[in-house]
Structure formats: structure tokens, C-alpha cells
Amino acid sequence: MNALPTFPWLTLITLLPLAGALPCLLLRKSARDCRGVALATSVAVLGLTLWLGWEHCSGSGWYVIEDAAWVEHFGIRWTLGLDGLALTLIVLTALLSCGAHLLAWRITERVPFFLALLLIMESGFLGVFLALDLVLFYICWEVMLVPLFFLVGIWGREGRGRAALKAFLVTLCGSLLMLVGIIALYLLHGAQTGTYTFALRELLQHPLTGPAQYWVCGAFLAAFLIKAPLVPLHSWLIDAHTAAPVCGAVDLAGLLLKTGIYGLLRFGFPLFPDATRLWLPWLMIPALFGLFHAAWVAYRQTDLKRLAAYSSVSHLGLVVLGLAVWNATALEGAILLMLIHGVSAAALFAASGMIAARAGTTQLNELGGVWGRAPFLGGLFLLFGMASAGVPGLGNFVGEILILFGTFSAHPLIAAVAATTMVTTAVYMTGLLKAVLWGPPADDAVWADLTWREGWVLVPLALLIVWVGVYPEPFLAPLREPVQFLLTTVGTLSGGAP
Amino acid sequence: MKPELLFLILFFPLLCGILNALFGMRVPRLVAETLAVCGVASAALLTLLFWPQAAGDGLHATLFTWLDSGPLTIPVELSFDAISAPMALMVSGVSTLIHLYAIGYMKADESYARFFALLNLFVFAMLLIVLADNLLLLFLGWEGVGFCSYGLIGFWYRTPENAAAGRKAFLVTRIGDVFLAVALLWLYQLCGTLSLTAINAQAASLAPATLTALALLLLLGACGKSAQLPLMSWLPDAMAGPTPVSALIHAATMVTAGVYLLCRLFPLISLSPTGMLAIAVVGAATALYAATCALAQREIKRVLAYSTMSQIGYMFLAVGAGSVSGAMFHLFTHAFFKALLFMAAGCIIHLAAEENDIFRMGGVARRAPLIFILFLAGALCLAGFPLSGGFLSKDAILAATFARPEPVYQLLWGGATLTALLTAFYTFRLLYLVFAGSARGPVDNHRLPALMVWPLLPLALFGLGGGLLNWPALLGGSPWLQQRLAASGEFVVHLSHAVESRLWAGGTALFVVGLLAAHLRYRRKTARTETRVARWLRGGWGCDRCFELLLLRPYRGMALFCSEGLDRLLFDETLDGLAQIVRNCGDKLRWLGNGRLTDHLHGFAWGVLILLGCGLLLLIGSH
């Protein structure tokens, strides 16, 4: 693309965690060294992404494209691209990965292997968010899935084997459908235009026509909606969240779920404009259903982590609703909610993990009185809980209200119904807070309040939540162009469901 | 001063709240307390400094753009005008006094940092409601006060009941907030802006049906925060919080936010007669309902809670009758005397060794004459002692309702008059039971800290003399508040002096009758026998049970259905079933690879046969 070869920063960022994983696997003797290497790698990635963001914050279009021939014969290229959407997501990835490495200090078994898996997963996430070639995307998509299987399966708590297998198989079903879809798209597009390529930007130039596109689009949507996850495809996520170790849960809630929404925005919708226009309105039904279904189920949970997992599903329902409405306000709100939900849900899981490590249980009826025992940890837990409950001034509210504004302009009744989620969310969130923070302490053990390491995980996330809640402009600005691109590529919806 | 500096009024309480939250436990107690009071007092001082500029159109400031997405732009706009300036002064002034009182009240509590942080944050959020010129910004403050109220009701969190009361308040008010949120979305859709000034200016161009729907949505939103029917059940339980909280949040400021919202949007609401009538009906009904409940309460703070609900009902009635100045007048005098009553009640509870039951009190007048005088001042205002602030503001509302031409308002006036009688009765019941006679329960004779007494003095003066805010023309005054708020669509009361003096005489008669009735019944009788009716009234007409049956049980049932029926049985079992099918298929096909020679030979033989058959068919077909 570029006339002058510049330094391939994106490639560096994507491959750096992989490179960091190597010494972890080689230096298996010393867990200490491995921790140092892993943390240094993730901090370096964070630094690089932040620098990239600073460098390109006022850019437009594709900020950076790196394109190299890879498997010429099949038209597979090594293409990485950075735009506003990808930028926000890789910063999120790098931030949460740093947090995960700090949280991993609690892990004492097979540390090097664990850290290597975390790093490989980070590479996978970064690759997914940057790849502009379908085959490269697919490879990264699987690269992030495999470590997850091991993380849950080896370091998880009871029920880990079943949970890991379930998560792996269910999402693999989606992945394989997508693989079939990718190949079909390659062949059909080649037959239609004469050039056989996996490059996203070329595929976007000539969208598929005819009935075949609906099948291919369906395959893509299945993969992404399982990952999102849309009710009723969510049960893998609940079990995996519950069984996963804390840092695994942080990556799961904060990042893995976002790949589904990102996939829809980057590939699923723009590649198949006709099918998207036809199907989008119908997506509102499962989205709205999932929003309330998950909130109601969350209300009945007796386990801290399961409740938080259902809360994630409920919020993702609102995100999908924002996508289905398909106008600028709702889309920007949906993307912002997706991002800030990544932060708040990850923070809620991290704080839950810290509480669980002190209390030795995640059963809500055995917890209680955390506020008196660890005021700062309790205070942050309250903040994250309130953020999830959509209290204005905190990040989630901005996303939610934008979605509601966007929805109301197209479907007032649906927006009014969706607005009642303010109550359903508050019901289970205050239930959670009541069980965890208030009441008398369950036993007499003295707790340590937030340690410095834990503070480094939670405090930046808390500050980010407040920042987005008070002044979201720096986070909304990079989303405007990608949203405009989506709206022009797919076109606006005419009519459709109520 | 520059209008942009308005943000300072909000900034200091916020800053001090944050500082107290982060470092309050690390610094000496005195520093934390001083910080808290300074934060609020500086807001009050700044309000005074800005005061002269509120005249005319007032000050308007746009600070920055909060949300900007697609066609949507939400700026952070503040306005300091005829209605928000006195409200801001009242909120910050009363808050300052209550903060001072709280220092004395919380002397023995270890969690003072959390307390003052939340209290300061509350004042910030409340001032945001008052000063916001943008409905979404107002909503931010609206939810912010809800959160602070949640944290402060459950302040003594180790007792599960307190935490439950906080949660109840949060959830019930949030039901109201949903309606406000929908109204807000709709208003944006209609007007293309959420600026209160712009909405009021455009209101006349909206369709009547839309206006009615909007007015009803706003009413429901206001009902939640202001504890009006049907979203009122949280307020009595909210008394679980510390007394300064009850005084500040659940009497003087937050619960009046609903009234304030309706007054801010009055030009819009007043265009819908149905909406106005609904507001008046809700107000009158709540006033009567809460007054009957107050008759049978046993805990001193619950009596005051129900009386708060009842008095806010009057304010709603005033808005519904078209008298913004009446509503705001009563809001101010009520804020003074009710904060006074609550804080004095806090002193009484201290003196009764934390006993709440008025049937186990008694004889406080002799032990603490100063507290008695202060409480009496508040009680006289509440009961409507002639020419006290409470009397004049209540009378303004009654007169406005009476003067409406529609007959249904006469009916509401009747209800409100009956309420006034009940109010006098339960107020004196409270006075007799608490102050008269001799002590019937535990007694604690320690000296009250000075800070718990002297902030009450200015409130007593303001309460009794609050009438000067709006001194009626009948007494040769000029109603300042009425002239100030007279701008937009206000219903002007035209009553002859003769009718008005008759109304006053009636009000005085009600006061006397209530006093006499209480005197006859409670001067001696202090036994605790409770009839069935009294128990029903004490439970708030069984509204908790209604809520349980109508709302909670269906909600729980729905949750049960979703989690057990749908999630476990349908979704999970289907997935497991699919996995089982795959496994069964695998099991069926396993013999293929079991390595037994006979099976392989069988398969080979069948394969050959089938291939031969196919070949034959093809041969036949080709010929």
C-alpha cells in the first residue's frame, strides 16, 4: 500500500506477546523470571498501543495499513489495519492484559505455561482486532480460543473440564461455520469478479449478489453471535466464566465477548449489505429478549461469578439492540457500551476474584460485610456495581443512553421497553451489593485491604469508567468515522420490524 | 461574575466529597468534618454572591459538551434564574446547618469519612438538579441523589434491615426514574434539544395528546423521588438512616426534587389540563393517605416521614392547581420546619437512649426545655399555627385549589382541608406523647453537644417567619416569591378579601380543633393498645403487601421461569441433548473401527455386492 516502507508497528504489536511467550516456555525453571518477562511484555504492548493512539488520535480513515504478501497462490496476505474502532479495542486489550498479568500473581501452579497461554491469547486478540485478511483473521480467531480451553480446563475451579469443553466446542461450531463461510465467500467472489482474494478491502468493493450471500452471511453471523453471545447461545459463557481463574475471566468478559461484536462490525455486516439490511431488524427480538432474560436469571443466581456472567449477557443484549437499530447514535452508543462494558465487567470480575480469594467462597450467602473488612476494595466494588447498574456519571450510562436515544428515534416503543432495564439491572446489582458488601461479616478473620498490586489493576479501570462517564468525547471521536463507513456501506434501514 | 463560574457552586461540594472519600480516614476527624462543612458552606456563599444576577433572565452558562453523537448533542448547561436561585440557596443553606448538626450527631461513629463524603456528594448532586438547564444533566443529579440516598439509608450496613431499606428506596425510586428517562427520550425526539428553557419555549407547538402523555410520564418520574402514590412505600423505611440524613435527604431536599422538576417544566405541563388534574389528584390523595398513616405511627421518625409525604402531597396539589409559587413557597417553609423537626427528633432520640417509640418517651419538655421550644416551633408550622410560615404556605395552596373554577378541584380542596385537620391532630399527638407527662421508657441524661442544638435556632426562625417570603396582600404585604415566579402560565388566584379571610378563619379553626382533639385524647392516655384499624394505618394501608403481591411476586415468578424453565430446561438441555445425539451417533458408528475381522469381512462382502449391483444397473441403463 504505502509507497515508502515504514516500520511495521502493528505487526510488532501483534507478535510481541507471542515473542514474550517463547522465553516463558523456555525459562520454565523460574516462575519469578517468567512473571517479569510476561508483565514487561504486556506493559510494552500497552505502551506501544497508547503511543499509536496518541500518534493517530486526529487521523482519519485507516490510520495505518501494513500489507505484505503471504501465500500468494491463494491470495492470502498479511494485512493489518488500524482505524478508530480497532484502536480503541487494542488499547482495551493491552490494558486488560496488563491487569490479567498482575492478577496472575495468585496462580502458583505451572506458572510459565499459564503466562505463556495468557500472552498467546493476547496475540490472538490483537490479531483479531487488526487483521484485514480473512484467513489471517480466522487464524487469530482460533489462536485466541485454544489458550482459553487450557486456561479454564487446567487452572479453573470445580466443573472446569466440562466448562472448558463446552466453551470450546460451542464456539468451535461457530468458528467452523465461519471457515466454511470464508471459503465460500472466496470462491463466490472469485467467480463473480475474477480475482480470488481474502483481502477484506477488496471484498468490500464488490459485495456478493444473489441468494448465496444469505447463506454465507448466516455462517458469519452464527460465529459472531455465539461469541457475543446472544441469548439463547450463551450457556457456554456462563460455565466458562464461572469455572475460569480470575485472570481468565477478566479476559473472557473484557475481551472475548467483544470479538463477536467486533466481527459483526468489521466483517459480518459490511460484507453482506443486502442480507444485513434484511436481517438487522429481526435481531432486535433476541436482543431485547436476552436483555431481560439474562437480567431475570441473574437475579436468581446464588454465585457471585455466575451472577456477574449473566450481567454480561444482559448488557450484551443491549449492545446488540443498538446494532440492530442501525443509526449513528445507537451504533456509537453500542460500540461505546461494548468498550466500557469490557472495562466494567472485567473490573467486576477482578474485584470479585479478590473478594473470593479472601473469603474462600463465591457463594453469595456465605459472603457479606466486605465493606467493613476491606473498605477500599469494597468501595471499588460498589463503583463497578453502580457502573454496571447504569448510574449516570459512570461510563456504562453514556453507552446505554446513546443506545436508547438512537433506538427511540426509530422505534419509540422498543426504547421505552428497553429503558426498564434500568430497574431490572438495579434489582440484581443491588442484590449482589447487598450480599457482598453489606450485612455482618461472615467470620472473624481479618482481611487485608486492597494491596498495591490489586490497586494497579482496579484503580486505572475505575478512573477510566469515571472518565468515560464524565467526558466521553475522546472515546467517541475515533468511532465516528468507522460508524459512518458502516452506515454508508450497508445503507440505512427502511422500515422493518416495529 | 462570569456565568461560567457557576460551576464553582457545584465544584466545592464535589471536591470535598471526593477528598473525604479518598483520604477522610487518614486525616484527623476534625479535618474531615471541617472539609465537609466548608464544601457546603462555600456553595451557600457562592450562591449568595451570585444572587443579584439571578434577576431577570438570570445567568446561563454552557461549560462543555457532554455527549456528542450523530445528531445528538448534550451540552453541560447551568442556569441560575428566578426559580433555581432561591432553591439553590435553600439547598446549600439548609445543608450547611445540617452538616453542622451532623458533626455533633456522628461524634461517636467511626465511619465519619464515608458519612461526610456521601453527604457532600449528595449536596453536589442535589445542586446539580437545581442548577441544570439540561434534562439529561438533571437526570445525572437525579440518579446521583438516588445513589447517595441508597448509601446513606444503609449507612449502618451491618444490620441487614438497614441495607434492605436502602435497596428498597433505590429500586422504588428507580421505577419512577424509568418514566422520567422515557419522557426525556421523547422530549428530545420532539424538540431536538433537552435544554429546559428551549423545551418550555417549544411546548406550545406540541400536540395536546403528546403533552398529556409527557405530563403523566413526568408526574410518575416525580412520584418516585418525591414518594407520592403509588411509589411512596420507600420513604417510611428510609428512616433507617442516620437522622441528619432523614433531615437533609428525606425531608428538606431530595424528596422535593419531584416538585422542583414539575415547577421547572411547568410551562409544558400547564398546557395539559388532564396532566394538571392528575398531578393535583395524586398530590391530594397522597396528602390524605399519608396523614391518616401518620395518625397511627409509633416511631417518632416515621410520624415525621409520613408527614413529609403528606406535605409534599400539598406541593403536588399546588402544581396541579397551577400555582408554582404556592408549591415553591410550601417547599421552602417545609424544608425549614421539617429539617428542624427531624433534627430535634434526633436530639430527643439521643435523650431517650436511642428509643424510637413515642409511647416509651414522655416528659422530655421538662428535661430539655430548649429542645421542646425548638420542636414546638417546627410543630406549630406543621400544624398550621396562624401566621407561621407553614400556615401561610399551606393556605396559599388551599386558596389556589379553592379558587379553581373546575368543580373537581373543590373536591380536592375538601380533601386537603381534611388533611390539614389530621395534620394538626397527629402533630399534637406527637407533642403530647413525647413532651408531656413523665418518662415512660429509658432515659439518657447526657448533655447534647452544642452543635446539635444551635443549628436548629435559625431553622426555627426561618420556619416561623418563612411567611415573609411571600407575605400575603391581605396583610398589606407584597408576595415576593409570587411576583418572582409569576412568569409562565401560572394560575392567578382571584379571591375577594372576604373569601380569603374566611379561608384563613377556617384554617385557624382546623388548627384549634386538631389541637383540642389531641389534647383530649393524648393528654393522659398513653397506653399502647392498638386497634386493628390503627395497625392497618400504621402499616401504610398494607401497601407493602400490595407491592409484594402485584410487583414482587410476578417478578420473582418471571425470574424463576426464566432461570429454571428457559435457561436450564430449554437452552441448556437442548445443548446437552445435541451433544448427546452426537455422542450416540459416535457410539453407533464405533463398531466400524473395532478391528474384528468378521465385521470387516461382512462389510467387504456387502460393499462388493452393492458395487456389483450398481454396475449392473448402469449396464442395464446404458443399453
# chains A, B, ... in the order shown; residues from 1 in each chain; ligands from 1

call {"tool": "residues_around", "arguments": {"residues": "stretch 406-409 of chain B", "least_positions_apart": "4", "cutoff": "12 Å", "atoms": "only C-alpha atoms", "output": "list in words"}}
result
Pro273, Thr274, Met276, Leu277, Ala278, Ile279, Ala280, Val281, Gly283, Ala284, Leu317, Ala318, Gly320, Ala321, Gly322, Ile397, Leu398, Ala399, Ala400, Thr401, Phe402, Trp413, Gly414, Gly415 and Ala416 of chain B

call {"tool": "residues_around", "arguments": {"residues": "A:Gly127", "least_positions_apart": "6", "cutoff": "8 Å", "atoms": "only C-alpha atoms", "output": "list in words"}}
result
Thr14, Leu80, Leu136, Phe137, Cys140 and Trp141 of chain A

call {"tool": "interface_residues", "arguments": {"of": "chain A", "to": "chain B", "cutoff": "7 Å", "atoms": "only C-alpha atoms", "output": "number ranges by chain"}}
result
A: 232, 235, 293, 296-297, 299-300, 328-329, 332, 369, 391-393, 405, 408-409, 416, 419-420, 422-423, 426-427, 430, 434, 438-440, 470-473

call {"tool": "write_last_selection", "arguments": {"atoms": "C-alpha atoms", "output": "mmCIF file, in the first residue's frame"}}
result
data_model
loop_
_atom_site.group_PDB
_atom_site.id
_atom_site.type_symbol
_atom_site.label_atom_id
_atom_site.label_comp_id
_atom_site.auth_asym_id
_atom_site.auth_seq_id
_atom_site.Cartn_x
_atom_site.Cartn_y
_atom_site.Cartn_z
ATOM 1 C CA PRO A 232 -30.071 -18.448 23.660
ATOM 2 C CA SER A 235 -24.734 -21.044 28.137
ATOM 3 C CA HIS A 293 -33.942 -12.887 30.237
ATOM 4 C CA TRP A 296 -34.025 -12.119 35.418
ATOM 5 C CA VAL A 297 -31.772 -15.139 35.549
ATOM 6 C CA TYR A 299 -31.497 -12.112 39.898
ATOM 7 C CA ARG A 300 -31.823 -15.781 40.830
ATOM 8 C CA ALA A 328 -25.289 6.741 14.106
ATOM 9 C CA THR A 329 -26.263 7.448 17.709
ATOM 10 C CA GLU A 332 -21.778 4.728 18.589
ATOM 11 C CA GLY A 369 -19.747 -7.367 55.306
ATOM 12 C CA VAL A 391 -25.717 5.176 37.172
ATOM 13 C CA PRO A 392 -25.104 8.423 35.276
ATOM 14 C CA GLY A 393 -21.666 9.929 35.593
ATOM 15 C CA PHE A 405 -31.655 7.831 22.189
ATOM 16 C CA PHE A 408 -36.152 5.938 20.417
ATOM 17 C CA SER A 409 -35.712 7.867 17.216
ATOM 18 C CA ALA A 416 -39.325 2.529 26.265
ATOM 19 C CA ALA A 419 -35.393 1.616 29.331
ATOM 20 C CA THR A 420 -36.952 -0.557 32.023
ATOM 21 C CA MET A 422 -32.672 0.388 34.479
ATOM 22 C CA VAL A 423 -34.821 -1.363 37.050
ATOM 23 C CA ALA A 426 -30.597 -2.398 39.524
ATOM 24 C CA VAL A 427 -32.555 -5.247 41.084
ATOM 25 C CA THR A 430 -28.242 -4.107 44.450
ATOM 26 C CA LYS A 434 -26.238 -6.280 49.485
ATOM 27 C CA TRP A 438 -23.477 -5.103 53.474
ATOM 28 C CA GLY A 439 -24.623 -7.196 56.359
ATOM 29 C CA PRO A 440 -22.479 -8.603 59.117
ATOM 30 C CA VAL A 470 -17.981 12.468 32.513
ATOM 31 C CA TYR A 471 -16.258 13.284 29.263
ATOM 32 C CA PRO A 472 -16.688 10.554 26.648
ATOM 33 C CA GLU A 473 -15.600 12.698 23.698
#

call {"tool": "select_by_dssp", "arguments": {"residues": "stretch 279-485 of chain A", "states": "alpha helix (DSSP H)", "output": "PyMOL selection string"}}
result
chain A and resi 279-300+304-325+328-359+370-373+375-388+395-410+412-419+421-436+452-470+473-485

call {"tool": "residues_around", "arguments": {"residues": "A:Leu331", "least_positions_apart": "5", "cutoff": "9 Å", "atoms": "only C-alpha atoms", "output": "PyMOL selection string"}}
result
chain A and resi 319+322-326+336+402-403+406+483

call {"tool": "residues_around", "arguments": {"residues": "B:Val259", "least_positions_apart": "2", "cutoff": "7 Å", "atoms": "only C-alpha atoms", "output": "list in words"}}
result
Ala222, Thr256, Ala257, Leu261, Leu262, Cys263, Met315 and Phe316 of chain B

call {"tool": "residues_around", "arguments": {"residues": "B:Phe124", "least_positions_apart": "6", "cutoff": "7 Å", "atoms": "only C-alpha atoms", "output": "MDAnalysis selection string"}}
result
chainID B and resid 10 13:14

call {"tool": "residues_around", "arguments": {"residues": "A:Leu437", "least_positions_apart": "6", "cutoff": "9 Å", "atoms": "only C-alpha atoms", "output": "ChimeraX atom specification"}}
result
/A:367-372,378-379,381-382 /B:157

call {"tool": "residues_around", "arguments": {"residues": "A:Pro482", "least_positions_apart": "4", "cutoff": "7 Å", "atoms": "only C-alpha atoms", "output": "list in words"}}
result
Gly84, Leu85 and Leu486 of chain A

call {"tool": "select_by_dssp", "arguments": {"residues": "stretch 50-157 of chain A", "states": "strand (DSSP E)", "output": "JSON list (two decimals) with N, CA and C atoms, in the first residue's frame"}}
result
[["chain", "number", "residue", "atom", "x", "y", "z"],
["A", 64, "VAL", "N", -3.26, 3.37, 9.83],
["A", 64, "VAL", "CA", -2.07, 2.63, 9.41],
["A", 64, "VAL", "C", -2.53, 1.36, 8.70],
["A", 65, "ILE", "N", -1.87, 1.03, 7.62],
["A", 65, "ILE", "CA", -2.12, -0.25, 6.96],
["A", 65, "ILE", "C", -0.78, -0.92, 6.78],
["A", 66, "GLU", "N", -0.66, -2.17, 7.15],
["A", 66, "GLU", "CA", 0.55, -2.93, 6.84],
["A", 66, "GLU", "C", 0.14, -4.11, 6.01],
["A", 67, "ASP", "N", 0.75, -4.21, 4.85],
["A", 67, "ASP", "CA", 0.30, -5.19, 3.88],
["A", 67, "ASP", "C", 1.51, -5.90, 3.31],
["A", 68, "ALA", "N", 1.53, -7.22, 3.38],
["A", 68, "ALA", "CA", 2.65, -7.96, 2.79],
["A", 68, "ALA", "C", 2.11, -9.24, 2.17],
["A", 69, "ALA", "N", 2.79, -9.70, 1.14],
["A", 69, "ALA", "CA", 2.38, -10.96, 0.52],
["A", 69, "ALA", "C", 2.64, -12.08, 1.51],
["A", 70, "TRP", "N", 1.72, -13.07, 1.52],
["A", 70, "TRP", "CA", 1.94, -14.17, 2.46],
["A", 70, "TRP", "C", 1.86, -15.49, 1.70],
["A", 71, "VAL", "N", 0.65, -15.90, 1.33],
["A", 71, "VAL", "CA", 0.53, -17.09, 0.49],
["A", 71, "VAL", "C", -0.07, -16.60, -0.82],
["A", 76, "ILE", "N", -3.73, -14.99, -0.17],
["A", 76, "ILE", "CA", -3.75, -14.71, 1.26],
["A", 76, "ILE", "C", -2.64, -13.71, 1.55],
["A", 77, "ARG", "N", -2.98, -12.64, 2.23],
["A", 77, "ARG", "CA", -1.98, -11.62, 2.51],
["A", 77, "ARG", "C", -1.91, -11.36, 4.01],
["A", 78, "TRP", "N", -0.77, -10.86, 4.44],
["A", 78, "TRP", "CA", -0.60, -10.44, 5.84],
["A", 78, "TRP", "C", -0.98, -8.97, 5.89],
["A", 79, "THR", "N", -2.24, -8.70, 6.15],
["A", 79, "THR", "CA", -2.70, -7.32, 6.16],
["A", 79, "THR", "C", -3.21, -6.95, 7.55],
["A", 80, "LEU", "N", -2.60, -5.95, 8.13],
["A", 80, "LEU", "CA", -3.09, -5.42, 9.40],
["A", 80, "LEU", "C", -3.48, -3.98, 9.18],
["A", 81, "GLY", "N", -4.58, -3.57, 9.77],
["A", 81, "GLY", "CA", -5.00, -2.17, 9.58],
["A", 81, "GLY", "C", -5.53, -1.59, 10.88],
["A", 82, "LEU", "N", -5.29, -0.32, 11.04],
["A", 82, "LEU", "CA", -5.71, 0.35, 12.27],
["A", 82, "LEU", "C", -6.66, 1.49, 11.92]]

call {"tool": "atom_distance", "arguments": {"atom1": "atom CA of A:Ala435", "atom2": "atom CA of B:Cys148"}}
result
18.8 Å

call {"tool": "atom_distance", "arguments": {"atom1": "atom CA of B:Pro28", "atom2": "atom CA of B:Leu118"}}
result
18.0 Å

call {"tool": "closest_residue", "arguments": {"among": "A:Leu200, A:Leu188, A:Leu283, A:Cys24", "to": "A:Val135", "atoms": "only C-alpha atoms"}}
result
A:Leu200

call {"tool": "closest_residue", "arguments": {"among": "B:Val303, B:Ala108, B:Val123, B:Cys16", "to": "B:Ala32", "atoms": "only C-alpha atoms"}}
result
B:Cys16
